[in-house]
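S.K.: One file is attached below, structure04.txt, containing compact mmCIF, N, CA and C atoms.
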```
# COMPACT_ATOMS: atom_id res chain seq x y z
N MET A 1 125.15 -78.61 -162.64
CA MET A 1 126.34 -78.86 -163.44
C MET A 1 127.34 -77.72 -163.31
N TYR A 2 126.84 -76.48 -163.36
CA TYR A 2 127.72 -75.31 -163.25
C TYR A 2 128.47 -75.34 -161.93
N LEU A 3 127.77 -75.65 -160.85
CA LEU A 3 128.38 -75.68 -159.53
C LEU A 3 129.48 -76.75 -159.47
N ILE A 4 129.23 -77.89 -160.06
CA ILE A 4 130.23 -78.96 -160.07
C ILE A 4 131.48 -78.51 -160.81
N GLU A 5 131.31 -77.86 -161.96
CA GLU A 5 132.46 -77.35 -162.71
C GLU A 5 133.22 -76.30 -161.91
N CYS A 6 132.49 -75.40 -161.27
CA CYS A 6 133.13 -74.38 -160.44
C CYS A 6 133.94 -75.02 -159.33
N ILE A 7 133.37 -76.04 -158.70
CA ILE A 7 134.06 -76.70 -157.60
C ILE A 7 135.32 -77.40 -158.12
N LYS A 8 135.24 -78.07 -159.26
CA LYS A 8 136.42 -78.73 -159.82
C LYS A 8 137.51 -77.71 -160.12
N THR A 9 137.14 -76.60 -160.75
CA THR A 9 138.11 -75.55 -161.07
C THR A 9 138.69 -74.98 -159.79
N TYR A 10 137.84 -74.74 -158.85
CA TYR A 10 138.21 -74.14 -157.58
C TYR A 10 139.19 -75.04 -156.83
N MET A 11 138.92 -76.32 -156.80
CA MET A 11 139.76 -77.26 -156.08
C MET A 11 141.09 -77.48 -156.78
N ALA A 12 141.16 -77.20 -158.08
CA ALA A 12 142.37 -77.47 -158.85
C ALA A 12 143.24 -76.24 -159.04
N ALA A 13 143.03 -75.21 -158.26
CA ALA A 13 143.83 -74.00 -158.42
C ALA A 13 145.31 -74.34 -158.32
N GLU A 14 146.05 -73.92 -159.33
CA GLU A 14 147.47 -74.24 -159.36
C GLU A 14 148.25 -73.34 -158.43
N LYS A 15 149.29 -73.92 -157.86
CA LYS A 15 150.17 -73.15 -156.98
C LYS A 15 151.29 -72.55 -157.82
N PHE A 16 151.87 -71.51 -157.26
CA PHE A 16 152.97 -70.81 -157.91
C PHE A 16 154.27 -71.29 -157.30
N THR A 17 155.18 -71.74 -158.13
CA THR A 17 156.46 -72.21 -157.66
C THR A 17 157.54 -71.23 -158.10
N TRP A 18 158.28 -70.72 -157.15
CA TRP A 18 159.35 -69.78 -157.46
C TRP A 18 160.44 -70.50 -158.23
N SER A 19 160.94 -69.87 -159.28
CA SER A 19 162.07 -70.41 -160.02
C SER A 19 163.00 -69.26 -160.39
N LYS A 20 164.19 -69.61 -160.81
CA LYS A 20 165.18 -68.59 -161.16
C LYS A 20 164.72 -67.70 -162.31
N GLU A 21 163.84 -68.22 -163.15
CA GLU A 21 163.38 -67.41 -164.27
C GLU A 21 162.58 -66.19 -163.81
N TYR A 22 162.07 -66.23 -162.58
CA TYR A 22 161.36 -65.08 -162.03
C TYR A 22 162.31 -64.03 -161.48
N SER A 23 163.55 -64.41 -161.23
CA SER A 23 164.50 -63.50 -160.60
C SER A 23 164.75 -62.26 -161.46
N VAL A 24 164.85 -61.13 -160.77
CA VAL A 24 165.21 -59.88 -161.44
C VAL A 24 166.61 -59.44 -160.97
N ASN A 25 167.33 -60.41 -160.39
CA ASN A 25 168.71 -60.19 -159.94
C ASN A 25 168.84 -59.09 -158.89
N ASN A 26 167.81 -58.95 -158.09
CA ASN A 26 167.83 -58.01 -156.97
C ASN A 26 167.17 -58.74 -155.82
N GLU A 27 167.95 -59.01 -154.76
CA GLU A 27 167.44 -59.84 -153.68
C GLU A 27 166.22 -59.22 -153.01
N ILE A 28 166.17 -57.90 -152.90
CA ILE A 28 165.03 -57.25 -152.27
C ILE A 28 163.75 -57.51 -153.06
N LEU A 29 163.79 -57.25 -154.37
CA LEU A 29 162.60 -57.47 -155.20
C LEU A 29 162.28 -58.96 -155.32
N ASP A 30 163.31 -59.79 -155.44
CA ASP A 30 163.08 -61.23 -155.53
C ASP A 30 162.40 -61.76 -154.27
N GLU A 31 162.84 -61.31 -153.10
CA GLU A 31 162.23 -61.75 -151.85
C GLU A 31 160.78 -61.29 -151.77
N GLN A 32 160.50 -60.07 -152.22
CA GLN A 32 159.13 -59.58 -152.24
C GLN A 32 158.27 -60.41 -153.18
N HIS A 33 158.82 -60.75 -154.35
CA HIS A 33 158.09 -61.59 -155.30
C HIS A 33 157.82 -62.96 -154.70
N ARG A 34 158.82 -63.56 -154.04
CA ARG A 34 158.62 -64.88 -153.42
C ARG A 34 157.50 -64.81 -152.38
N HIS A 35 157.51 -63.74 -151.60
CA HIS A 35 156.49 -63.61 -150.56
C HIS A 35 155.10 -63.46 -151.19
N MET A 36 154.98 -62.70 -152.26
CA MET A 36 153.68 -62.57 -152.93
C MET A 36 153.22 -63.91 -153.48
N CYS A 37 154.15 -64.72 -153.98
CA CYS A 37 153.79 -66.07 -154.44
C CYS A 37 153.30 -66.92 -153.29
N GLU A 38 153.92 -66.79 -152.11
CA GLU A 38 153.46 -67.54 -150.94
C GLU A 38 152.03 -67.18 -150.57
N VAL A 39 151.71 -65.89 -150.59
CA VAL A 39 150.35 -65.47 -150.27
C VAL A 39 149.38 -65.97 -151.35
N ALA A 40 149.80 -65.88 -152.61
CA ALA A 40 148.96 -66.40 -153.69
C ALA A 40 148.69 -67.89 -153.48
N ASN A 41 149.70 -68.63 -153.01
CA ASN A 41 149.51 -70.05 -152.74
C ASN A 41 148.55 -70.27 -151.58
N GLN A 42 148.57 -69.41 -150.60
CA GLN A 42 147.61 -69.52 -149.50
C GLN A 42 146.19 -69.31 -150.03
N ILE A 43 146.05 -68.40 -150.98
CA ILE A 43 144.73 -68.19 -151.60
C ILE A 43 144.33 -69.44 -152.39
N ALA A 44 145.28 -70.00 -153.13
CA ALA A 44 145.00 -71.23 -153.88
C ALA A 44 144.59 -72.35 -152.95
N ASP A 45 145.21 -72.44 -151.77
CA ASP A 45 144.91 -73.49 -150.81
C ASP A 45 143.48 -73.43 -150.29
N LEU A 46 142.85 -72.28 -150.38
CA LEU A 46 141.46 -72.18 -149.92
C LEU A 46 140.56 -73.19 -150.63
N GLY A 47 140.92 -73.53 -151.86
CA GLY A 47 140.13 -74.49 -152.62
C GLY A 47 140.21 -75.91 -152.08
N GLN A 48 141.19 -76.17 -151.23
CA GLN A 48 141.37 -77.51 -150.67
C GLN A 48 140.67 -77.67 -149.32
N GLU A 49 140.19 -76.57 -148.76
CA GLU A 49 139.59 -76.62 -147.42
C GLU A 49 138.14 -77.08 -147.48
N LYS A 50 137.71 -77.66 -146.39
CA LYS A 50 136.33 -78.09 -146.25
C LYS A 50 135.70 -77.27 -145.13
N PRO A 51 134.50 -76.81 -145.21
CA PRO A 51 133.71 -76.78 -146.44
C PRO A 51 134.18 -75.66 -147.35
N ILE A 52 134.20 -75.92 -148.63
CA ILE A 52 134.72 -74.94 -149.57
C ILE A 52 133.77 -73.76 -149.75
N MET A 53 132.54 -73.91 -149.33
CA MET A 53 131.59 -72.83 -149.50
C MET A 53 131.79 -71.70 -148.49
N ASN A 54 132.57 -71.93 -147.43
CA ASN A 54 132.72 -70.95 -146.37
C ASN A 54 134.12 -70.34 -146.39
N ILE A 55 134.45 -69.60 -147.42
CA ILE A 55 135.81 -69.11 -147.56
C ILE A 55 135.92 -67.59 -147.57
N LYS A 56 134.83 -66.90 -147.55
CA LYS A 56 134.88 -65.45 -147.78
C LYS A 56 135.73 -64.71 -146.76
N GLU A 57 135.65 -65.08 -145.48
CA GLU A 57 136.47 -64.40 -144.47
C GLU A 57 137.95 -64.63 -144.71
N LYS A 58 138.31 -65.86 -145.03
CA LYS A 58 139.72 -66.17 -145.29
C LYS A 58 140.19 -65.48 -146.56
N LEU A 59 139.33 -65.45 -147.57
CA LEU A 59 139.69 -64.79 -148.82
C LEU A 59 139.91 -63.30 -148.58
N LEU A 60 139.05 -62.70 -147.79
CA LEU A 60 139.21 -61.28 -147.45
C LEU A 60 140.54 -61.03 -146.74
N PHE A 61 140.84 -61.87 -145.75
CA PHE A 61 142.10 -61.74 -145.02
C PHE A 61 143.29 -61.85 -145.95
N LEU A 62 143.28 -62.87 -146.82
CA LEU A 62 144.43 -63.10 -147.70
C LEU A 62 144.53 -62.06 -148.80
N LEU A 63 143.41 -61.59 -149.33
CA LEU A 63 143.46 -60.51 -150.32
C LEU A 63 144.01 -59.23 -149.70
N THR A 64 143.63 -58.96 -148.47
CA THR A 64 144.15 -57.79 -147.77
C THR A 64 145.65 -57.94 -147.54
N LYS A 65 146.06 -59.13 -147.14
CA LYS A 65 147.49 -59.41 -146.94
C LYS A 65 148.26 -59.26 -148.25
N LEU A 66 147.70 -59.81 -149.32
CA LEU A 66 148.35 -59.68 -150.63
C LEU A 66 148.41 -58.21 -151.03
N GLY A 67 147.32 -57.49 -150.85
CA GLY A 67 147.29 -56.07 -151.19
C GLY A 67 148.35 -55.28 -150.43
N ASP A 68 148.50 -55.56 -149.13
CA ASP A 68 149.53 -54.89 -148.33
C ASP A 68 150.92 -55.19 -148.85
N ASN A 69 151.16 -56.47 -149.18
CA ASN A 69 152.47 -56.86 -149.71
C ASN A 69 152.75 -56.20 -151.06
N VAL A 70 151.73 -56.15 -151.87
CA VAL A 70 151.89 -55.54 -153.19
C VAL A 70 152.18 -54.04 -153.07
N LEU A 71 151.46 -53.36 -152.18
CA LEU A 71 151.72 -51.93 -151.98
C LEU A 71 153.16 -51.69 -151.56
N TYR A 72 153.64 -52.47 -150.63
CA TYR A 72 155.03 -52.34 -150.18
C TYR A 72 155.99 -52.61 -151.33
N HIS A 73 155.73 -53.67 -152.07
CA HIS A 73 156.58 -54.02 -153.22
C HIS A 73 156.57 -52.92 -154.27
N PHE A 74 155.39 -52.43 -154.61
CA PHE A 74 155.30 -51.38 -155.61
C PHE A 74 156.05 -50.13 -155.17
N ASP A 75 155.93 -49.78 -153.90
CA ASP A 75 156.67 -48.61 -153.39
C ASP A 75 158.16 -48.80 -153.57
N THR A 76 158.66 -49.98 -153.24
CA THR A 76 160.08 -50.28 -153.40
C THR A 76 160.50 -50.19 -154.86
N GLU A 77 159.74 -50.86 -155.69
CA GLU A 77 160.06 -50.91 -157.12
C GLU A 77 159.97 -49.53 -157.77
N GLU A 78 158.92 -48.79 -157.42
CA GLU A 78 158.74 -47.46 -158.01
C GLU A 78 159.86 -46.52 -157.59
N GLU A 79 160.29 -46.62 -156.35
CA GLU A 79 161.39 -45.79 -155.88
C GLU A 79 162.66 -46.07 -156.69
N MET A 80 162.93 -47.35 -156.92
CA MET A 80 164.10 -47.73 -157.72
C MET A 80 163.98 -47.21 -159.15
N MET A 81 162.79 -47.35 -159.72
CA MET A 81 162.59 -46.92 -161.10
C MET A 81 162.76 -45.41 -161.23
N LYS A 82 162.19 -44.66 -160.30
CA LYS A 82 162.30 -43.20 -160.34
C LYS A 82 163.74 -42.75 -160.11
N LYS A 83 164.40 -43.42 -159.20
CA LYS A 83 165.80 -43.10 -158.90
C LYS A 83 166.67 -43.26 -160.15
N GLN A 84 166.38 -44.28 -160.94
CA GLN A 84 167.15 -44.55 -162.15
C GLN A 84 166.63 -43.78 -163.36
N ASN A 85 165.46 -43.14 -163.22
CA ASN A 85 164.86 -42.39 -164.33
C ASN A 85 164.79 -43.23 -165.60
N LEU A 86 164.24 -44.41 -165.45
CA LEU A 86 164.20 -45.37 -166.57
C LEU A 86 163.09 -45.07 -167.56
N PRO A 87 163.34 -45.34 -168.84
CA PRO A 87 162.26 -45.22 -169.82
C PRO A 87 161.17 -46.25 -169.51
N GLY A 88 159.93 -45.88 -169.72
CA GLY A 88 158.82 -46.79 -169.49
C GLY A 88 158.30 -46.76 -168.07
N THR A 89 158.91 -45.92 -167.23
CA THR A 89 158.49 -45.87 -165.82
C THR A 89 157.03 -45.44 -165.70
N THR A 90 156.62 -44.44 -166.44
CA THR A 90 155.24 -43.94 -166.34
C THR A 90 154.25 -45.05 -166.68
N GLU A 91 154.51 -45.79 -167.75
CA GLU A 91 153.62 -46.87 -168.15
C GLU A 91 153.59 -47.97 -167.09
N HIS A 92 154.76 -48.26 -166.53
CA HIS A 92 154.85 -49.29 -165.51
C HIS A 92 154.04 -48.89 -164.27
N LEU A 93 154.14 -47.63 -163.89
CA LEU A 93 153.39 -47.15 -162.72
C LEU A 93 151.88 -47.19 -162.97
N GLU A 94 151.48 -46.97 -164.21
CA GLU A 94 150.06 -47.09 -164.56
C GLU A 94 149.57 -48.52 -164.37
N LYS A 95 150.40 -49.49 -164.73
CA LYS A 95 150.04 -50.90 -164.52
C LYS A 95 149.89 -51.19 -163.04
N HIS A 96 150.75 -50.59 -162.24
CA HIS A 96 150.63 -50.75 -160.79
C HIS A 96 149.30 -50.21 -160.29
N LYS A 97 148.91 -49.04 -160.79
CA LYS A 97 147.63 -48.44 -160.37
C LYS A 97 146.47 -49.36 -160.73
N LEU A 98 146.49 -49.93 -161.92
CA LEU A 98 145.42 -50.84 -162.35
C LEU A 98 145.37 -52.07 -161.46
N TYR A 99 146.53 -52.62 -161.11
CA TYR A 99 146.58 -53.79 -160.26
C TYR A 99 145.99 -53.47 -158.89
N LYS A 100 146.38 -52.34 -158.33
CA LYS A 100 145.87 -51.95 -157.01
C LYS A 100 144.35 -51.79 -157.05
N LYS A 101 143.83 -51.22 -158.14
CA LYS A 101 142.38 -51.07 -158.27
C LYS A 101 141.68 -52.42 -158.33
N GLU A 102 142.26 -53.37 -159.04
CA GLU A 102 141.65 -54.69 -159.15
C GLU A 102 141.61 -55.40 -157.80
N ILE A 103 142.70 -55.33 -157.06
CA ILE A 103 142.72 -55.94 -155.73
C ILE A 103 141.65 -55.29 -154.85
N ALA A 104 141.56 -53.95 -154.91
CA ALA A 104 140.56 -53.23 -154.12
C ALA A 104 139.14 -53.67 -154.51
N LYS A 105 138.90 -53.89 -155.81
CA LYS A 105 137.58 -54.35 -156.26
C LYS A 105 137.26 -55.74 -155.71
N PHE A 106 138.25 -56.64 -155.72
CA PHE A 106 138.02 -57.97 -155.16
C PHE A 106 137.70 -57.88 -153.68
N ILE A 107 138.45 -57.07 -152.96
CA ILE A 107 138.21 -56.91 -151.52
C ILE A 107 136.80 -56.37 -151.28
N GLU A 108 136.40 -55.39 -152.07
CA GLU A 108 135.06 -54.81 -151.91
C GLU A 108 133.98 -55.85 -152.20
N ARG A 109 134.18 -56.67 -153.22
CA ARG A 109 133.18 -57.69 -153.55
C ARG A 109 133.03 -58.69 -152.41
N VAL A 110 134.15 -59.06 -151.78
CA VAL A 110 134.06 -59.98 -150.65
C VAL A 110 133.31 -59.31 -149.50
N ARG A 111 133.64 -58.06 -149.23
CA ARG A 111 132.97 -57.35 -148.13
C ARG A 111 131.47 -57.19 -148.37
N GLU A 112 131.09 -56.94 -149.61
CA GLU A 112 129.66 -56.79 -149.93
C GLU A 112 128.90 -58.08 -149.70
N GLY A 113 129.58 -59.19 -149.89
CA GLY A 113 128.95 -60.48 -149.65
C GLY A 113 128.00 -60.93 -150.73
N THR A 114 127.98 -60.25 -151.87
CA THR A 114 127.02 -60.59 -152.92
C THR A 114 127.60 -61.55 -153.96
N SER A 115 128.90 -61.78 -153.93
CA SER A 115 129.54 -62.66 -154.91
C SER A 115 129.62 -64.08 -154.39
N ASP A 116 129.46 -65.03 -155.28
CA ASP A 116 129.63 -66.44 -154.97
C ASP A 116 131.10 -66.68 -154.62
N GLY A 117 131.37 -67.30 -153.47
CA GLY A 117 132.73 -67.52 -153.02
C GLY A 117 133.57 -68.35 -153.97
N ILE A 118 132.99 -69.39 -154.53
CA ILE A 118 133.73 -70.26 -155.44
C ILE A 118 134.10 -69.51 -156.71
N GLU A 119 133.15 -68.83 -157.29
CA GLU A 119 133.42 -68.08 -158.53
C GLU A 119 134.40 -66.94 -158.27
N LEU A 120 134.26 -66.27 -157.16
CA LEU A 120 135.17 -65.17 -156.82
C LEU A 120 136.59 -65.69 -156.63
N HIS A 121 136.72 -66.83 -155.96
CA HIS A 121 138.04 -67.43 -155.80
C HIS A 121 138.68 -67.71 -157.15
N LYS A 122 137.89 -68.26 -158.06
CA LYS A 122 138.41 -68.55 -159.41
C LYS A 122 138.86 -67.27 -160.10
N GLU A 123 138.07 -66.22 -160.02
CA GLU A 123 138.44 -64.94 -160.64
C GLU A 123 139.72 -64.39 -160.03
N VAL A 124 139.82 -64.47 -158.71
CA VAL A 124 141.01 -63.98 -158.02
C VAL A 124 142.23 -64.77 -158.49
N MET A 125 142.12 -66.09 -158.54
CA MET A 125 143.25 -66.92 -158.96
C MET A 125 143.64 -66.64 -160.42
N ASP A 126 142.67 -66.46 -161.29
CA ASP A 126 142.97 -66.12 -162.69
C ASP A 126 143.72 -64.80 -162.76
N PHE A 127 143.24 -63.82 -162.02
CA PHE A 127 143.87 -62.50 -162.01
C PHE A 127 145.30 -62.58 -161.47
N ILE A 128 145.47 -63.24 -160.33
CA ILE A 128 146.80 -63.34 -159.72
C ILE A 128 147.75 -64.09 -160.63
N SER A 129 147.29 -65.18 -161.21
CA SER A 129 148.13 -65.97 -162.11
C SER A 129 148.61 -65.14 -163.30
N GLU A 130 147.68 -64.42 -163.91
CA GLU A 130 148.05 -63.58 -165.06
C GLU A 130 149.01 -62.49 -164.63
N TRP A 131 148.74 -61.88 -163.49
CA TRP A 131 149.59 -60.78 -163.05
C TRP A 131 150.99 -61.27 -162.71
N ILE A 132 151.10 -62.39 -162.00
CA ILE A 132 152.42 -62.91 -161.65
C ILE A 132 153.21 -63.20 -162.92
N THR A 133 152.57 -63.82 -163.89
CA THR A 133 153.25 -64.14 -165.13
C THR A 133 153.71 -62.87 -165.85
N LYS A 134 152.81 -61.91 -166.00
CA LYS A 134 153.17 -60.68 -166.72
C LYS A 134 154.14 -59.82 -165.94
N HIS A 135 153.93 -59.71 -164.63
CA HIS A 135 154.76 -58.81 -163.83
C HIS A 135 156.16 -59.37 -163.65
N MET A 136 156.26 -60.63 -163.26
CA MET A 136 157.57 -61.18 -162.94
C MET A 136 158.34 -61.67 -164.16
N LEU A 137 157.65 -62.08 -165.19
CA LEU A 137 158.33 -62.60 -166.37
C LEU A 137 158.31 -61.65 -167.56
N GLY A 138 157.28 -60.81 -167.64
CA GLY A 138 157.09 -60.06 -168.87
C GLY A 138 157.53 -58.61 -168.87
N ILE A 139 157.93 -58.08 -167.73
CA ILE A 139 158.26 -56.66 -167.70
C ILE A 139 159.75 -56.49 -167.62
N LYS A 140 160.35 -56.06 -168.69
CA LYS A 140 161.80 -55.92 -168.77
C LYS A 140 162.30 -54.69 -168.03
N THR A 141 161.47 -53.69 -167.88
CA THR A 141 161.87 -52.46 -167.19
C THR A 141 162.32 -52.78 -165.77
N GLU A 142 161.63 -53.69 -165.14
CA GLU A 142 161.98 -54.04 -163.77
C GLU A 142 163.37 -54.63 -163.70
N ALA A 143 163.71 -55.47 -164.68
CA ALA A 143 165.05 -56.05 -164.70
C ALA A 143 166.10 -54.95 -164.85
N GLN A 144 165.79 -53.91 -165.62
CA GLN A 144 166.72 -52.79 -165.76
C GLN A 144 166.89 -52.07 -164.43
N VAL A 145 165.80 -51.92 -163.71
CA VAL A 145 165.86 -51.29 -162.39
C VAL A 145 166.81 -52.06 -161.50
N VAL A 146 166.67 -53.34 -161.53
CA VAL A 146 167.45 -54.21 -160.66
C VAL A 146 168.92 -54.10 -161.00
N GLU A 147 169.24 -54.26 -162.26
CA GLU A 147 170.65 -54.21 -162.65
C GLU A 147 171.27 -52.87 -162.31
N ASN A 148 170.56 -51.80 -162.61
CA ASN A 148 171.08 -50.47 -162.34
C ASN A 148 171.17 -50.17 -160.86
N ASP A 149 170.23 -50.65 -160.07
CA ASP A 149 170.21 -50.32 -158.66
C ASP A 149 171.32 -51.02 -157.89
N GLN A 150 171.81 -52.12 -158.41
CA GLN A 150 172.84 -52.86 -157.70
C GLN A 150 174.24 -52.38 -158.06
N LYS A 151 174.38 -51.48 -159.00
CA LYS A 151 175.71 -50.98 -159.41
C LYS A 151 176.21 -49.94 -158.45
```
With the file now loaded, output its structure as structure tokens.

M.R.:
Amino acid sequence: MYLIECIKTYMAAEKFTWSKEYSVNNEILDEQHRHMCEVANQIADLGQEKPIMNIKEKLLFLLTKLGDNVLYHFDTEEEMMKKQNLPGTTEHLEKHKLYKKEIAKFIERVREGTSDGIELHKEVMDFISEWITKHMLGIKTEAQVVENDQK
């Protein structure tokens, strides 16, 4: 029964659709966000592939790709934030560190090969979904960076 539930959850991973509400009014950051959503969607698509039990290599590839994109994005965003000397920058950078650590942990779990692929995919999708929502919609400091950087 547990396996059937995992498979249903796994197969139903929701895709991320870019909308204007995600925009931070900076084309550079918006394009980076769109690209991260595309990679997240590629991860979600793994649940549609057959056989679904054989996804660890693809998940490793896509997590690495997402991690690389995130590092590049964070570098861009952090440079803008530091340049503007915005309040809350230190806290924001700490959130970036936590995110990078979580991605690294997922990558390590895939490499170790000890985690169930279906359950790991679900955890990755939950994490990415929460992060996209909080990062792109919930962090006002980034919007300040964008507005200030374009002046």

S.K.: Excluding Thr133 of chain A and residues on its chain fewer than 4 positions from it, collect all residues at most 12 Å away from it, counting only C-alpha atoms, and give them as a list in words.

M.R.: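 Non-adjacent residues within range: Phe16, Thr17, Trp18, Ser19, Glu21, Tyr22, His33, Cys37, Asp126, Phe127, Ile128, Ser129, Leu137, Gly138 and Ile139 of chain A.
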
S.K.: Could you please determine the separation between atom CA of Ile43 of chain A and atom CA of Leu62 of chain A in Å, to one decimal place?

M.R.: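 Spanning atom CA of Ile43 of chain A to atom CA of Leu62 of chain A is a straight-line distance of 6.4 Å.
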
S.K.: Suppose you want the space between atom CA of Ala104 of chain A and atom CA of Phe74 of chain A; what is it in Å?

M.R.: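 Calculated distance between atom CA of Ala104 of chain A and atom CA of Phe74 of chain A is 14.9 Å.
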
S.K.: Find, counting only C-alpha atoms, the residue in A:His73, A:His92, A:Lys56, A:His121 that gets nearest to Asp30 of chain A.

M.R.: A:His73

S.K.: Separation of atom N of Leu46 of chain A and atom N of Gly67 of chain A, in Å?

M.R.: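 One can read the atom N of Leu46 of chain A to atom N of Gly67 of chain A distance as 15.5 Å.
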
S.K.: In terms of the shortest atom-to-atom distance over all atoms listed in the file, which of A:Lys122, A:Lys134, A:Asn26, A:Met36 is closest to Val70 of chain A?

M.R.: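 Checking each of A:Lys122, A:Lys134, A:Asn26, A:Met36 against Val70 of chain A, counting all atoms listed in the file, the winner is A:Met36.
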
S.K.: How big is the axis-aligned box around all listed atoms of segment 110-125 of chain A once 3 Å goes on each side, and where's its centre, in Å to one decimal, as AutoDock Vina command-line options?

M.R.:
```
--center_x 135.3 --center_y -63.5 --center_z -154.4 --size_x 22.6 --size_y 19.5 --size_z 18.5
```

S.K.: Within 8 Å of Leu63 of chain A, counting all atoms listed in the file, which residues qualify if same-chain residues fewer than 2 places away don't, as number ranges by chain?

M.R.: A: 39, 43, 57-61, 65-69, 103-104, 106-107

S.K.: Write out as a PyMOL selection string the residues lying within 10 Å of Ile28 of chain A, counting only C-alpha atoms and excluding same-chain residues fewer than 3 positions away.

M.R.: chain A and resi 24-25+31-33+73+76-77+146
